[in-house]
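The file final-v8.txt contains compact mmCIF, C-alpha atoms:
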# COMPACT_ATOMS: atom_id res chain seq x y z
CA MET A 7 0.00 0.00 0.00
CA THR A 8 1.53 3.27 -1.15
CA ASN A 9 1.94 6.02 1.42
CA THR A 10 0.84 8.88 -0.82
CA ALA A 11 1.02 11.43 1.98
CA LEU A 12 4.70 10.71 2.65
CA LYS A 13 5.53 10.63 -1.06
CA ASP A 14 3.82 13.99 -1.67
CA ALA A 15 5.42 15.57 1.39
CA MET A 16 8.89 14.51 0.24
CA GLU A 17 8.26 15.93 -3.22
CA GLN A 18 7.05 19.25 -1.78
CA ALA A 19 10.10 19.41 0.48
CA GLY A 20 12.41 18.52 -2.41
CA VAL A 21 13.82 15.52 -0.55
CA SER A 22 14.70 12.26 -2.28
CA ALA A 23 14.53 8.84 -0.65
CA ALA A 24 18.32 8.73 -0.46
CA GLN A 25 18.52 12.18 1.12
CA LEU A 26 15.81 11.42 3.67
CA ALA A 27 17.45 8.11 4.54
CA LYS A 28 20.74 9.89 5.27
CA GLN A 29 19.03 12.61 7.34
CA VAL A 30 17.17 10.15 9.59
CA ASP A 31 19.95 7.52 9.63
CA VAL A 32 18.26 4.61 7.84
CA ASN A 33 18.86 2.63 4.64
CA PRO A 34 17.33 4.11 1.42
CA LYS A 35 15.51 0.78 0.95
CA THR A 36 13.79 1.41 4.26
CA VAL A 37 12.43 4.74 3.01
CA ASN A 38 11.19 3.05 -0.16
CA ASN A 39 9.40 0.48 1.99
CA TRP A 40 7.68 3.30 3.88
CA ILE A 41 6.51 4.82 0.60
CA ASN A 42 5.69 1.78 -1.53
CA ARG A 43 4.80 -0.93 0.97
CA GLY A 44 3.19 1.04 3.76
CA ALA A 45 5.84 0.07 6.29
CA ILE A 46 5.70 2.15 9.45
CA PRO A 47 8.88 3.35 11.18
CA ARG A 48 9.42 3.57 14.91
CA ARG A 49 7.93 6.55 16.71
CA GLU A 50 11.28 8.28 17.13
CA THR A 51 11.99 7.91 13.42
CA GLN A 52 8.49 9.13 12.52
CA LEU A 53 9.23 12.33 14.42
CA LYS A 54 12.54 12.83 12.58
CA VAL A 55 10.87 12.25 9.19
CA ALA A 56 8.02 14.62 9.99
CA ASN A 57 10.51 17.33 10.96
CA LYS A 58 12.50 16.89 7.75
CA VAL A 59 9.47 17.20 5.45
CA ASP A 60 7.73 19.85 7.60
CA CYS A 61 4.60 17.83 8.36
CA SER A 62 3.02 16.31 11.43
CA ILE A 63 3.26 12.60 12.18
CA HIS A 64 -0.50 12.37 11.83
CA ASP A 65 -0.33 13.83 8.29
CA LEU A 66 2.10 11.11 7.24
CA TRP A 67 0.74 8.19 9.28
CA PRO A 68 -2.89 8.99 10.26
CA ASP A 69 -3.35 5.68 12.06
CA GLN A 70 -0.44 6.42 14.36
CA ALA A 71 -2.16 9.09 16.48
CA PRO A 72 -0.96 8.62 20.07
CA PRO A 73 -3.35 8.06 22.96
CA GLU A 74 -4.08 11.08 25.13
CA SER A 75 -1.73 9.77 27.80
CA TYR A 76 1.19 9.38 25.38
CA ALA A 77 3.00 12.45 26.71
CA LEU A 78 3.17 10.82 30.14
CA SER A 79 5.29 8.03 28.68
CA GLU A 80 7.99 10.62 27.93
CA ILE A 81 8.65 11.11 31.64
CA VAL A 82 11.39 8.61 32.45
CA ASN A 83 12.18 9.64 36.01
CA ALA A 84 11.71 12.47 38.49
CA TRP A 85 13.32 13.77 41.67
CA GLY A 86 11.67 15.97 44.28
CA HIS A 87 14.79 18.14 44.39
CA ARG A 88 17.40 18.63 41.67
CA CYS A 89 20.19 18.19 44.22
CA GLU A 90 18.97 14.62 44.83
CA SER A 91 19.74 13.53 41.25
CA PRO A 92 23.01 11.54 41.08
CA LYS A 93 26.07 13.38 39.75
CA ASP A 94 27.17 10.32 37.79
CA PHE A 95 23.76 10.28 36.06
CA TRP A 96 24.34 13.84 34.84
CA TRP A 97 27.85 13.01 33.69
CA GLY A 98 26.67 9.92 31.85
CA ILE A 99 23.94 11.72 29.97
CA PHE A 100 26.44 14.44 29.02
CA GLN A 101 28.87 11.84 27.71
CA ASP A 102 26.23 10.05 25.65
CA ALA A 103 25.16 13.16 23.69
CA LYS A 104 26.62 13.24 20.18
CA ILE A 105 24.53 15.68 18.11
CA HIS A 106 22.92 18.28 20.38
CA VAL A 107 23.64 19.73 23.81
CA ASP A 108 21.33 22.60 24.81
CA LEU A 109 21.62 24.25 28.23
CA LEU A 110 19.34 26.95 29.64
CA GLY A 111 19.51 28.30 33.18
CA TYR A 112 20.19 31.38 35.27
CA ALA A 113 23.78 30.51 36.20
CA MET A 114 24.22 26.70 35.97
CA GLN A 115 27.26 27.01 38.20
CA PHE A 116 26.51 23.59 39.69
CA LEU A 117 27.48 21.96 36.38
CA HIS A 118 31.01 23.29 36.73
CA GLU A 119 31.28 22.57 40.44
CA ASP A 120 29.90 19.01 40.25
CA HIS A 121 31.91 18.02 37.16
CA LYS A 122 35.48 19.33 37.02
CA ASP A 123 35.93 18.29 33.37
CA PHE A 124 32.58 19.69 32.22
CA VAL A 125 33.96 22.44 29.95
CA THR A 126 36.63 20.11 28.58
CA LEU A 127 33.93 17.60 27.66
CA LEU A 128 31.88 20.29 25.90
CA LYS A 129 34.92 21.30 23.86
CA GLU A 130 35.64 17.68 22.91
CA LYS A 131 32.06 17.19 21.79
CA ALA A 132 32.11 20.40 19.75
CA ASN A 133 35.35 19.29 18.06
CA ASN A 134 33.54 16.07 17.09
CA GLY A 135 30.66 17.99 15.48
CA CYS A 136 28.20 18.20 18.37
CA GLN A 137 26.22 21.45 18.33
CA VAL A 138 26.33 23.08 21.77
CA ARG A 139 23.95 25.94 22.64
CA ILE A 140 24.15 27.58 26.06
CA VAL A 141 21.79 30.31 27.29
CA MET A 142 22.30 32.06 30.61
CA ALA A 143 20.65 35.02 32.29
CA ASP A 144 22.18 38.39 31.52
CA PRO A 145 23.67 39.42 34.88
CA GLN A 146 22.73 43.04 34.10
CA SER A 147 19.08 42.25 33.35
CA SER A 148 16.15 43.15 35.59
CA ALA A 149 14.99 39.51 35.40
CA ALA A 150 18.23 38.33 37.04
CA SER A 151 18.01 41.04 39.70
CA GLU A 152 14.38 40.20 40.45
CA ARG A 153 15.15 36.49 40.80
CA ASP A 154 18.08 37.33 43.05
CA HIS A 155 15.79 39.44 45.24
CA GLU A 156 13.09 36.73 45.22
CA GLU A 157 15.56 34.18 46.61
CA ASP A 158 16.96 36.78 49.02
CA LEU A 159 20.48 36.15 47.72
CA ARG A 160 21.68 39.76 48.06
CA GLY A 161 23.61 39.69 44.83
CA GLY A 162 24.60 36.04 45.11
CA LEU A 163 22.81 34.98 41.92
CA ILE A 164 24.47 37.76 39.91
CA ALA A 165 27.85 36.67 41.28
CA ARG A 166 27.15 33.03 40.32
CA ILE A 167 26.21 34.01 36.77
CA LYS A 168 29.45 35.95 36.40
CA MET A 169 31.47 33.09 37.88
CA SER A 170 29.84 30.59 35.51
CA LEU A 171 30.68 32.86 32.58
CA THR A 172 34.28 32.83 33.76
CA TYR A 173 34.22 29.03 33.78
CA PHE A 174 32.86 29.05 30.21
CA GLU A 175 35.50 31.53 29.04
CA PRO A 176 37.85 28.86 27.54
CA VAL A 177 35.15 27.79 25.02
CA ILE A 178 33.68 31.19 24.14
CA GLY A 179 34.23 31.54 20.40
CA THR A 180 34.85 27.79 19.88
CA ALA A 181 33.35 26.34 16.69
CA ASN A 182 30.02 24.57 17.32
CA ILE A 183 29.63 26.23 20.73
CA GLU A 184 27.31 29.23 21.04
CA ILE A 185 26.84 31.00 24.35
CA HIS A 186 24.03 33.54 24.69
CA LEU A 187 22.66 35.85 27.37
CA GLN A 188 18.94 36.48 27.70
CA SER A 189 16.81 38.91 29.70
CA TYR A 190 13.47 37.13 30.08
CA PRO A 191 12.12 35.84 33.39
CA MET A 192 13.10 32.18 33.39
CA TYR A 193 10.33 29.70 34.19
CA SER A 194 12.38 26.53 33.82
CA SER A 195 15.94 25.37 33.42
CA ILE A 196 16.30 23.06 30.41
CA PHE A 197 19.16 20.65 29.74
CA ARG A 198 18.84 18.76 26.44
CA PHE A 199 21.14 15.94 25.26
CA ASP A 200 20.04 14.61 21.85
CA GLY A 201 16.72 12.88 22.63
CA GLU A 202 17.07 13.15 26.40
CA MET A 203 16.14 16.20 28.47
CA LEU A 204 16.28 17.27 32.11
CA VAL A 205 13.87 20.01 33.17
CA THR A 206 13.72 21.98 36.41
CA PRO A 207 10.52 24.06 36.76
CA HIS A 208 11.37 27.12 38.84
CA LEU A 209 9.50 27.61 42.09
CA CYS A 210 8.83 30.93 43.77
CA HIS A 211 11.53 31.78 46.32
CA ASP A 212 13.18 28.32 46.25
CA PRO A 213 16.62 27.97 44.61
CA GLY A 214 17.00 25.66 41.62
CA ARG A 215 18.71 22.92 43.63
CA LEU A 216 15.51 22.52 45.71
CA ALA A 217 13.13 22.49 42.73
CA PRO A 218 11.90 19.23 41.17
CA LEU A 219 13.83 17.66 38.29
CA PHE A 220 12.18 15.69 35.48
CA HIS A 221 13.94 13.36 33.06
CA VAL A 222 12.07 13.49 29.74
CA ARG A 223 12.74 11.36 26.65
CA GLN A 224 11.70 12.49 23.17
CA GLY A 225 8.47 10.91 21.94
CA SER A 226 5.37 12.51 20.43
CA GLU A 227 5.76 15.71 18.43
CA GLU A 228 3.00 17.12 20.64
CA GLY A 229 4.71 15.84 23.77
CA ILE A 230 6.59 17.36 26.67
CA PHE A 231 10.05 17.11 25.12
CA GLN A 232 9.03 18.96 21.98
CA ARG A 233 7.23 21.72 23.90
CA TYR A 234 10.28 22.45 26.03
CA LEU A 235 12.56 22.28 23.00
CA GLU A 236 10.41 24.85 21.21
CA SER A 237 10.65 27.08 24.27
CA PHE A 238 14.43 26.72 24.32
CA ASP A 239 14.65 27.52 20.60
CA TYR A 240 12.62 30.70 21.08
CA VAL A 241 14.78 31.93 23.96
CA PHE A 242 17.98 31.09 22.07
CA GLU A 243 16.86 32.85 18.90
CA THR A 244 15.83 36.01 20.78
CA SER A 245 18.92 36.20 23.01
CA ARG A 246 22.29 37.75 22.21
CA ALA A 247 25.56 35.96 21.58
CA ILE A 248 28.57 36.81 23.69
CA ARG A 249 32.04 37.28 22.23
CA PRO A 250 35.47 36.22 23.53
CA SER A 251 36.09 39.72 24.83
CA PHE A 252 32.93 39.71 26.98
CA VAL A 253 34.33 38.02 30.09
Is it possible to express this structure as C-alpha cells?
Amino acid sequence: MTNTALKDAMEQAGVSAAQLAKQVDVNPKTVNNWINRGAIPRRETQLKVANKVDCSIHDLWPDQAPPESYALSEIVNAWGHRCESPKDFWWGIFQDAKIHVDLLGYAMQFLHEDHKDFVTLLKEKANNGCQVRIVMADPQSSAASERDHEEDLRGGLIARIKMSLTYFEPVIGTANIEIHLQSYPMYSSIFRFDGEMLVTPHLCHDPGRLAPLFHVRQGSEEGIFQRYLESFDYVFETSRAIRPSFV
C-alpha cells in the first residue's frame, strides 16, 4: 500500500529517498518500503521524518495518532529536588550526547562545580561535530536582579552568573559552541542531550537545587520534550551571543 502522503510531502520538500534516509539515519531501501509498501517506522523515526518534510506525524501516518496519555510516557524519572539527582547520572547523559547539547539556566554554576571536566567535555564534543547551545541570564538584566531578590540572595545569583561565565570563558568563540545571554524571566531550566532532556521548573523563592527535576525522553511531536525544545529555541533565537572579549 503506497503512502501517498509521505511521497507527496517529500516531493514538496524537495527531498529524495536517499537524502531522507541519510538525514534520519536509515537505509534508502527502508524509506522506499515506507513509501511503496506502507511500512511504518518507529515513533522516534516518525518524528525525525516529519521534521524533515515539515509535516506532522499524523499527516504522514494517520493511524499512528498517540493516545491522550502518550505524553506521560515521555517522563522517564523524576526527583523531588534537583540536588537529589546523582552526579554520575548527569555526567553519563552528558557523555552520551553526540549531536545536540542545549543548556538553559540562570547561572548553571553547579554543572562546573559538580563536574570538574565539564567544559573540557563540551569542547571535545564540539570538536567532534556536536552542536552546543548555552543560554544564561544576563547578569545586568532586571529579570536576574528580580530572581536574586526573590531568593533573598543579596547579589549572590548575579555573582554566580558571572562566575559561571568565567568558567565558560575557555570555550567562548569555539566552533560549534554558542553562548548567549537572555533577559526574560526564566520559568524553567532546560538541559537537552540529543533525545534526552532534564527540566527543572522554577518555584517561587526556592533555589534551583531545591526544585523538582524531570527526566524526559523524546516521543510525540506534541509531547513534553518537543514543547520544552520549542521554548528553548525561542529563547535562544531572541537572546544575544557573547564574544570572547565579553568576560
Go through A:Asp200, A:Asp14, A:Glu130, A:Glu119 one by one, measure the shortest atom-to-atom distance of each to A:Asn182 using all atoms listed in the file, and give the residue with the smallest value.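 Going through A:Asp200, A:Asp14, A:Glu130, A:Glu119 one by one, the smallest distance to A:Asn182 is for A:Glu130.
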Residue with smallest distance to A:Arg166 - pool A:Gln115, A:Ala143, A:Lys58, A:Ser195, counting all atoms listed in the file: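 The answer is A:Gln115, which sits nearest to A:Arg166.
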Using only C-alpha atoms, which of the listed residues (A:Leu12, A:Leu216, A:Met203, A:Val222) sits closest to A:His64?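 When distances to A:His64 are compared using only C-alpha atoms, the smallest one comes from A:Leu12.
With only C-alpha atoms taken into account, the protein and nucleic acid residues at most 10 Å from A:Arg223 (excluding it and anything under 2 positions from it in its own chain) are A:Ala77, A:Ser79, A:Glu80, A:Ile81, A:Val82, A:Asn83, A:Arg198, A:Phe199, A:Asp200, A:Gly201, A:Glu202, A:Met203, A:Leu204, A:Phe220, A:His221, A:Gly225, A:Ser226, A:Gly229, A:Ile230, A:Phe231, A:Gln232.
Nearest-residue note for A:Val141: choosing from A:Thr180, A:Ser170, A:Asn57, A:Thr10, the minimum distance belongs to A:Ser170, counting only C-alpha atoms.
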I need the residue nearest A:Arg249 from this list: A:Leu219, A:Val107, A:Leu235, A:Leu171. Use all atoms listed in the file for the distance. A:Leu171
Within 9 Å of A:Ile248, counting only C-alpha atoms, which residues show up once you throw out same-chain ones fewer than 5 positions away? Write them as a PyMOL selection string, please. chain A and resi 178-179+184-187+253
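With all atoms listed in the file as the basis for measurement, A:Asp212 is the residue among A:Asp212, A:Thr36, A:His106, A:Ser189 that approaches A:Glu156 most closely.
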Which distance in Å separates atom CA of A:Phe100 and atom CA of A:Val138, to one decimal? 11.3 Å
